[in-house]
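Working notes, structure below.
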Amino acid sequence: MSTAYLEKLNDQQRNAVEHGGGLPDGKIGGPLLIIAGAGSGKTNTLAHRVAHLIVNGADPRRVLLMTFSRRAAAEMSRRVERICRQVLGEKAAIVADALAWAGTFHGIGARLLRDHAPEIGIDPDFTIHDREDSADLMNLVRHELGFSKTESRFPTKGTCLAIYSRTVNSEQTLDAVLRGSFPWCMAWEKQLRELFASYVEAKQAQNVLDYDDLLLYWAQMVSEPVIAEEIGNRFDHVFVDEYQDTNRLQATILTALKPNGHGLTVVGDDAQSIYSFRAATVRNILDFPQTFSPAADIITLDRNYRSTQPILAAANSVIELARERFTKNLWTERQSAERPRLVTVRDEADQANYIVEQVLENREGGTLLKQQAVLFRTSHHSGALEVELTRRNIPFVKFGGLKFLDSAHVKDLLAVLRFAQNPRDRVAGFRLMQLLPGVGPQTAGRVLDAMAADPEPLTALAEIPAPPRSGDDWVTFVDMLQRVRSRKTAWPAEIGEARNWYEPHLNRIHEDAEVRMADLLQLEQIAGGYPSRERFLTELTLDPPDATSDQSGVPLLDEDYLILSTIHSAKGQEWKSVFILNCVDGCIPSDLGVGSTAEIEEERRLLYVAMTRAKDSLHLVTPQRFFTHGQNAQGDRHVYASRSRFIPATLLQFFECSAWPVAKPSAPGERETRKVRVDVGARMRGMWR
């Protein structure tokens with residue numbers, strides 16, 4: 001069979017693609033770890049490896065491919081199909097559809113839990129709470145236990161959920177999590193245990209799972225050897241992308257599915273492990289080879305196709321000082337005489353002015369604004385820059401705006417579907433009933449209590465007298481729920497029926513109802529791409545799209561705009577020109593991220609990730625002082641900063657070091673003046689042309 005489809009791969013990529021091939025009697029190769037450096041063609045390599053196995057006889061229906069977003073999984077499937085088409089021709093058309101087990105960890109977990117629900121004692125009609133719904137349920141339980149009225153302030157619902165989530169995903173004890181990440185909450189350990197136990201009971205009573213349960217239940221399920229073997233045998237090949245971003249629970253699931261590692265390939269880069277705040281641990285990828293006996297093979301991709309050699313030399317020098325890593329030095333054939341610039345400025349105001357001038361100069365040179373990005377450790381670091389960009393009328397987009405499912409009107413409509421799917425979902429029902437005129441929290445609570453006590457909740461709802469001030473709205477509400485629940489209207493027409501019911505309430509509640517309706521129509525379109533209500537609710541909750549209206553908080557009012565982004569949000573992206581703000585101790589590393597060696601090492605990796613986003617031009621800016629307001633007994637004052645510890649003097653050889661603004665020499669005693677000539681009349685005439 002022709003291998004022309006492999007000819008564009010470099011030697012390392014091809015070794016990774018062909019690993020384990022040519023074994024006798026169709027045997028499957030052992031575990032493989034692909035260390036894929038930034039910009040090394042990781043996605044292309046992984047897609048070719050999957051396609052290579054398929055064209056050589058692997059059944060795509062027995063391939064499990066897990067990525068960290070549904071969009072990434074869809075793109076990977078399309079790439080695999082395109083590669084297979086080069087060999088199989090029209091026969092490859094079925095490949096993308098046959099790769100039915102391509103998705104996120106949480107999405108795959110939800111599907112497997114529904115498939116095996118009877119074996120593990122759960123109702124397959126369970127609904128899934130997103131983070132906001134989970135926090136609301138946590139708050140309900142917190143209130144019922146009386147913890148919201150304690151003498152000293154009990155942790156908020158968001159903090160409680162964060163503690164619960166980290167405990168689950170890190171496979172640590174509650175005591176260890178509190179000591180390591182939430183020391184200010186240690187006095188509440190006993191109450192938190194009671195809260196979490198009641199929270200779990202509430203979820204089970206309401207037949208809901210939260211985001212973390214999808215992994216926790218999966219891990220518990222495969223802890224039973226018979227079930228683990230059954231699920232493991234469904235898949236000949238298991239692929240995991242971005243393995244450095246997995247948590248201990250995910251690693252536990254993988255080793256349960258493939259205890260000897262046969263057919264298991266994980267891809268990632270230890271130098272880009274930056275999500276410990278989500279309970280991800282770099283130990284998963286560092287320890288992966290020794291998890292199996294014999295140890296997993298390691299193939300390193302270190303040829304970079306993104307950045308120039310001087311940028312890579314500087315980035316390599318930063319990460320080389322890491323305490324523990326897989327040895328890897330990125331290299332490229334893209335030569336350049338321009339080293340990364342390490343620019344010292346007086347303060348944040350000068351930092352903003354420097355970046356704006358450079359951005360505009362690049363734009364005049366032909367680099368679009370959207371081909372440039374300003375990256376920062378923490379969202380508030382860009383405040384002074386945002387003010388300056390606004391003053392100069394330079395459009396920008398700051399990543400991290402409101403997501404589609406965070407919009408109130410979208411959550412309302414989804415609550416209809418979720419409550420019809422699972423009438424024991426108290427959070428959905430509580431939200432939904434309060435949309436009706438005359439129904440408040442107490443009335444909604446009484447109705448939900450009555451429904452919970454009946455084995456047929458919707459039957460009980462229909463028998464409950466309408467609240468006095470709800471009028472015909474109550475009857476319409478109950479009728480709509482029963483129709484959607486009964487599936488008399490085929491999917492996805494159900495969502496249209498729900499939208500028609502919701503529309504008058506939308507118009508009553510929101511002044512901008514017309515704009516919000518555009519989101520609901522978009523939601524209806526999205527629903528058409530899913531085979532069932534269950535699949536739609538599951539996947540939309542786990543991997544929501546961005547908002548489509550101005551509710552998104554991302555003002556795309558100009559065809560070109562500068563990118564502002566936290567480093568975490570920038571991972572996986574690339575731009576021609578990159579500026580990194582506040583490369584000083586206290587910012588990179590963050591003053592909150594130096595409590596342990598592990599935290600400092602992750603901060604170092606953050607700087608490395610930021611540097612490797614740049615293709616042609618890289619600027620690291622170091623303000624010498626920051627102005628603080630009222631944080632000291634002496635009042636407002638300047639705090640002086642030093643260059644980031646991650647760029648010691650020994651590394652300055654890799655940078656072009658300069659100060660800005662450049663002082664202009666003048667004769668002794670001579671005052672510098674600026675001569676400006678402006679044709680104001682021409683400007684005034686131009687206003688009306």
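Going through the structure tokens in order, the chains are called A, B, and so on, while each chain numbers its residues from 1 and the ligands are numbered from 1 in the order shown.
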
Compile the contact shell of segment 176-193 of chain A as a compact mmCIF listing (two decimals) with N, CA and C atoms, in the first residue's frame: residues with an atom at most 10 Å away, counting only C-alpha atoms, same-chain residues fewer than 6 positions apart removed.
# COMPACT_ATOMS: atom_id res chain seq x y z
N ARG A 142 -26.27 24.15 51.41
CA ARG A 142 -25.57 24.97 52.41
C ARG A 142 -26.57 25.73 53.27
N LEU A 145 -28.64 23.39 55.61
CA LEU A 145 -27.87 22.94 56.78
C LEU A 145 -27.62 24.06 57.77
N PHE A 147 -25.63 26.66 57.31
CA PHE A 147 -24.26 27.18 57.27
C PHE A 147 -24.18 28.61 56.74
N PHE A 154 -19.06 31.63 56.62
CA PHE A 154 -18.80 30.32 56.02
C PHE A 154 -18.38 30.53 54.56
N PRO A 155 -17.53 29.64 54.01
CA PRO A 155 -17.11 29.80 52.60
C PRO A 155 -18.30 29.93 51.66
N THR A 159 -16.61 28.84 46.47
CA THR A 159 -15.44 28.26 47.15
C THR A 159 -15.72 26.83 47.57
N CYS A 160 -16.92 26.58 48.08
CA CYS A 160 -17.28 25.21 48.49
C CYS A 160 -17.20 24.26 47.29
N ALA A 162 -15.42 24.68 44.58
CA ALA A 162 -14.02 24.54 44.16
C ALA A 162 -13.28 23.54 45.04
N ILE A 163 -13.55 23.56 46.35
CA ILE A 163 -12.92 22.61 47.27
C ILE A 163 -13.37 21.18 46.94
N TYR A 164 -14.67 21.02 46.76
CA TYR A 164 -15.22 19.70 46.42
C TYR A 164 -14.60 19.18 45.12
N ARG A 166 -11.77 20.02 43.56
CA ARG A 166 -10.34 19.69 43.65
C ARG A 166 -10.13 18.39 44.41
N THR A 167 -10.90 18.16 45.45
CA THR A 167 -10.77 16.92 46.22
C THR A 167 -11.07 15.71 45.35
N VAL A 168 -12.12 15.82 44.52
CA VAL A 168 -12.51 14.71 43.64
C VAL A 168 -11.45 14.47 42.58
N SER A 170 -8.28 15.53 42.21
CA SER A 170 -6.88 15.30 42.57
C SER A 170 -6.68 13.99 43.32
N TYR A 199 -24.65 17.27 49.75
CA TYR A 199 -24.66 17.67 48.33
C TYR A 199 -24.76 16.43 47.44
N PHE A 277 -4.55 24.77 38.71
CA PHE A 277 -5.74 25.31 39.39
C PHE A 277 -6.98 24.52 39.03
N GLY A 595 4.50 29.75 46.64
CA GLY A 595 4.44 29.11 47.96
C GLY A 595 5.16 27.78 48.02
N SER A 596 5.41 27.16 46.86
CA SER A 596 6.08 25.87 46.84
C SER A 596 6.90 25.76 45.57

Write out as JSON, numbers by chain which residues come within 8 Å of Pro437 of chain A when counting only C-alpha atoms, dropping same-chain ones fewer than 5 positions away. {"A": [469, 470, 473]}

Can I get the selected residues back with C-alpha atoms, as a short mmCIF file (atom, residue, chain, number, x, y, z; two decimals), in the first residue's frame?
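Generated output (again.cif):
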data_model
loop_
_atom_site.label_atom_id
_atom_site.label_comp_id
_atom_site.auth_asym_id
_atom_site.auth_seq_id
_atom_site.Cartn_x
_atom_site.Cartn_y
_atom_site.Cartn_z
CA ARG A 469 -51.43 34.88 40.98
CA SER A 470 -50.08 32.69 38.16
CA ASP A 473 -49.51 30.84 32.74
#

Would you list the contacts of Asp287 of chain A as an NGL selection string, taking every protein, DNA or RNA residue within 12 Å and counting only C-alpha atoms, but skipping same-chain residues closer than 4 positions in sequence? :A and (33 or 243-244 or 248 or 251 or 270 or 281-283 or 291-292 or 295-296 or 298 or 324-326)

Take the selection from the previous step and output its residues with N, CA and C atoms, as a PDB file, in the first residue's frame.
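Output below, filename selection11.pdb:
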ATOM      1  N   LEU A  33       4.461   7.418  24.468  1.00  0.00           N
ATOM      2  CA  LEU A  33       4.378   8.808  24.903  1.00  0.00           C
ATOM      3  C   LEU A  33       5.040   9.675  23.838  1.00  0.00           C
ATOM      4  N   TYR A 243      -1.959  15.484  27.204  1.00  0.00           N
ATOM      5  CA  TYR A 243      -1.933  14.652  28.406  1.00  0.00           C
ATOM      6  C   TYR A 243      -1.381  15.397  29.616  1.00  0.00           C
ATOM      7  N   GLN A 244      -0.584  16.449  29.372  1.00  0.00           N
ATOM      8  CA  GLN A 244      -0.033  17.208  30.504  1.00  0.00           C
ATOM      9  C   GLN A 244      -1.133  17.947  31.268  1.00  0.00           C
ATOM     10  N   ARG A 248      -5.410  13.443  38.183  1.00  0.00           N
ATOM     11  CA  ARG A 248      -5.139  12.071  38.646  1.00  0.00           C
ATOM     12  C   ARG A 248      -6.322  11.138  38.369  1.00  0.00           C
ATOM     13  N   ALA A 251      -5.999   9.924  34.846  1.00  0.00           N
ATOM     14  CA  ALA A 251      -4.925   8.935  34.736  1.00  0.00           C
ATOM     15  C   ALA A 251      -5.371   7.588  35.289  1.00  0.00           C
ATOM     16  N   ASP A 270       5.315  18.353  28.750  1.00  0.00           N
ATOM     17  CA  ASP A 270       5.431  18.692  30.164  1.00  0.00           C
ATOM     18  C   ASP A 270       5.739  20.169  30.375  1.00  0.00           C
ATOM     19  N   THR A 281      -2.135  17.778  36.841  1.00  0.00           N
ATOM     20  CA  THR A 281      -0.826  17.568  37.459  1.00  0.00           C
ATOM     21  C   THR A 281       0.192  17.154  36.405  1.00  0.00           C
ATOM     22  N   VAL A 282       1.347  17.821  36.438  1.00  0.00           N
ATOM     23  CA  VAL A 282       2.416  17.492  35.492  1.00  0.00           C
ATOM     24  C   VAL A 282       2.972  16.102  35.758  1.00  0.00           C
ATOM     25  N   ARG A 283       2.721  15.562  36.969  1.00  0.00           N
ATOM     26  CA  ARG A 283       3.242  14.238  37.319  1.00  0.00           C
ATOM     27  C   ARG A 283       2.680  13.168  36.380  1.00  0.00           C
ATOM     28  N   THR A 291       4.774   3.903  34.375  1.00  0.00           N
ATOM     29  CA  THR A 291       3.494   3.342  34.829  1.00  0.00           C
ATOM     30  C   THR A 291       3.339   1.903  34.357  1.00  0.00           C
ATOM     31  N   PHE A 292       4.034   1.559  33.267  1.00  0.00           N
ATOM     32  CA  PHE A 292       3.875   0.246  32.647  1.00  0.00           C
ATOM     33  C   PHE A 292       5.176  -0.540  32.699  1.00  0.00           C
ATOM     34  N   ALA A 295       8.486  -0.295  30.285  1.00  0.00           N
ATOM     35  CA  ALA A 295       8.154   1.124  30.252  1.00  0.00           C
ATOM     36  C   ALA A 295       7.699   1.551  28.857  1.00  0.00           C
ATOM     37  N   ALA A 296       6.892   2.598  28.824  1.00  0.00           N
ATOM     38  CA  ALA A 296       6.406   3.133  27.549  1.00  0.00           C
ATOM     39  C   ALA A 296       7.558   3.693  26.726  1.00  0.00           C
ATOM     40  N   ILE A 298       9.194   6.500  24.279  1.00  0.00           N
ATOM     41  CA  ILE A 298       9.083   7.964  24.220  1.00  0.00           C
ATOM     42  C   ILE A 298       9.633   8.439  22.885  1.00  0.00           C
ATOM     43  N   GLU A 324      12.752  19.663  36.773  1.00  0.00           N
ATOM     44  CA  GLU A 324      12.491  18.316  36.241  1.00  0.00           C
ATOM     45  C   GLU A 324      11.730  18.444  34.940  1.00  0.00           C
ATOM     46  N   ARG A 325      12.196  17.780  33.888  1.00  0.00           N
ATOM     47  CA  ARG A 325      11.528  17.863  32.596  1.00  0.00           C
ATOM     48  C   ARG A 325      12.077  16.779  31.690  1.00  0.00           C
ATOM     49  N   PHE A 326      11.340  16.503  30.591  1.00  0.00           N
ATOM     50  CA  PHE A 326      11.881  15.685  29.521  1.00  0.00           C
ATOM     51  C   PHE A 326      12.811  16.573  28.691  1.00  0.00           C
TER      52      PHE A 326
END

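Candidate residues A:Ile34, A:Val427, A:Leu413, A:Ala314 were compared for distance to Asn139 of chain A, and the nearest is A:Val427, using only C-alpha atoms.
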
Leu46 of chain A: which residues within 12 Å, counting only C-alpha atoms, same-chain residues fewer than 3 positions away excluded, as a PyMOL selection string? chain A and resi 9+13-19+32-36+40-43+49-53+65-67+72-73+75-77+79-80+83+238-242+265-268+301

So which bits of segment 58-189 of chain A end up alpha helix (DSSP H) when you DSSP the backbone, as a PyMOL selection string? chain A and resi 70-88+95-98+105-115+117-120+131-144+157-170+174-181+189

So, with only C-alpha atoms as the atoms that count, which of A:Gln206, A:Leu264, A:Asp302, A:Ala4 lies closest to Ala453 of chain A? A:Gln206

Excluding same-chain residues fewer than 5 positions from Gln434 of chain A, what lies within 12 Å of it counting only C-alpha atoms, as number ranges by chain? A: 412, 415, 427-429, 439-445, 447-448, 467, 470, 473-474, 477, 505, 509

Emit the selected residues as a compact mmCIF listing (two decimals), in the first residue's frame, including N, CA and C atoms.
# COMPACT_ATOMS: atom_id res chain seq x y z
N ASP A 412 -32.40 29.72 30.72
CA ASP A 412 -33.84 29.52 30.93
C ASP A 412 -34.38 28.46 29.97
N ALA A 415 -33.19 25.05 30.77
CA ALA A 415 -33.85 24.54 31.98
C ALA A 415 -35.16 23.85 31.63
N VAL A 427 -32.75 22.25 40.67
CA VAL A 427 -32.21 23.55 40.24
C VAL A 427 -32.92 24.04 38.99
N ALA A 428 -33.12 23.13 38.01
CA ALA A 428 -33.82 23.52 36.78
C ALA A 428 -35.26 23.92 37.08
N GLY A 429 -35.95 23.13 37.91
CA GLY A 429 -37.33 23.45 38.24
C GLY A 429 -37.46 24.75 39.00
N VAL A 439 -45.06 33.60 40.96
CA VAL A 439 -44.40 32.43 41.57
C VAL A 439 -43.02 32.87 42.07
N GLY A 440 -42.86 32.84 43.39
CA GLY A 440 -41.59 33.21 44.00
C GLY A 440 -40.86 31.99 44.54
N PRO A 441 -39.74 32.22 45.25
CA PRO A 441 -38.93 31.09 45.76
C PRO A 441 -39.70 30.15 46.68
N GLN A 442 -40.54 30.71 47.58
CA GLN A 442 -41.25 29.85 48.53
C GLN A 442 -42.27 28.96 47.82
N THR A 443 -43.02 29.55 46.89
CA THR A 443 -44.01 28.76 46.15
C THR A 443 -43.32 27.68 45.33
N ALA A 444 -42.24 28.05 44.63
CA ALA A 444 -41.50 27.07 43.83
C ALA A 444 -40.97 25.95 44.70
N GLY A 445 -40.47 26.29 45.89
CA GLY A 445 -39.94 25.28 46.80
C GLY A 445 -41.02 24.31 47.25
N VAL A 447 -43.81 23.52 45.64
CA VAL A 447 -44.20 22.68 44.51
C VAL A 447 -43.17 21.59 44.29
N LEU A 448 -41.90 21.94 44.34
CA LEU A 448 -40.84 20.95 44.12
C LEU A 448 -40.81 19.90 45.22
N PRO A 467 -50.79 28.29 41.55
CA PRO A 467 -50.58 29.38 42.51
C PRO A 467 -51.53 30.54 42.21
N SER A 470 -50.73 33.15 39.39
CA SER A 470 -50.08 32.69 38.16
C SER A 470 -51.03 32.64 36.96
N ASP A 473 -50.91 31.17 33.01
CA ASP A 473 -49.51 30.84 32.74
C ASP A 473 -49.12 29.50 33.36
N TRP A 474 -49.72 29.17 34.50
CA TRP A 474 -49.38 27.91 35.17
C TRP A 474 -49.86 26.71 34.34
N PHE A 477 -47.75 26.28 31.31
CA PHE A 477 -46.44 25.75 31.70
C PHE A 477 -46.50 24.23 31.88
N HIS A 505 -42.48 35.18 28.00
CA HIS A 505 -41.78 35.48 29.25
C HIS A 505 -40.49 36.24 28.97
N ILE A 509 -39.62 39.87 30.58
CA ILE A 509 -38.53 39.99 31.54
C ILE A 509 -37.40 40.89 31.03

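Straight-line separation from atom CA of Tyr608 of chain A to atom CA of Arg625 of chain A: 23.7 Å.
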
Residue with the minimum atom-to-atom distance to Asn44 of chain A, picked from A:Leu389, A:Met138, A:Leu375, A:Leu6 with only C-alpha atoms counted, is A:Leu6

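When atom CA of Met451 of chain A is paired with atom CA of Ser134 of chain A, their separation reads 20.5 Å.
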
What's around Arg323 of chain A at 9 Å? Count only C-alpha atoms, leave out sequence neighbours fewer than 2 positions away in its own chain, and write the answer as a count of residues only. 5

Which of segment 499-628 of chain A counts as strand (DSSP E or B) under DSSP, as a VMD selection string please? chain A and resid 546 562 to 566 575 to 580 584 586 to 587 590 614 to 623 625 to 628
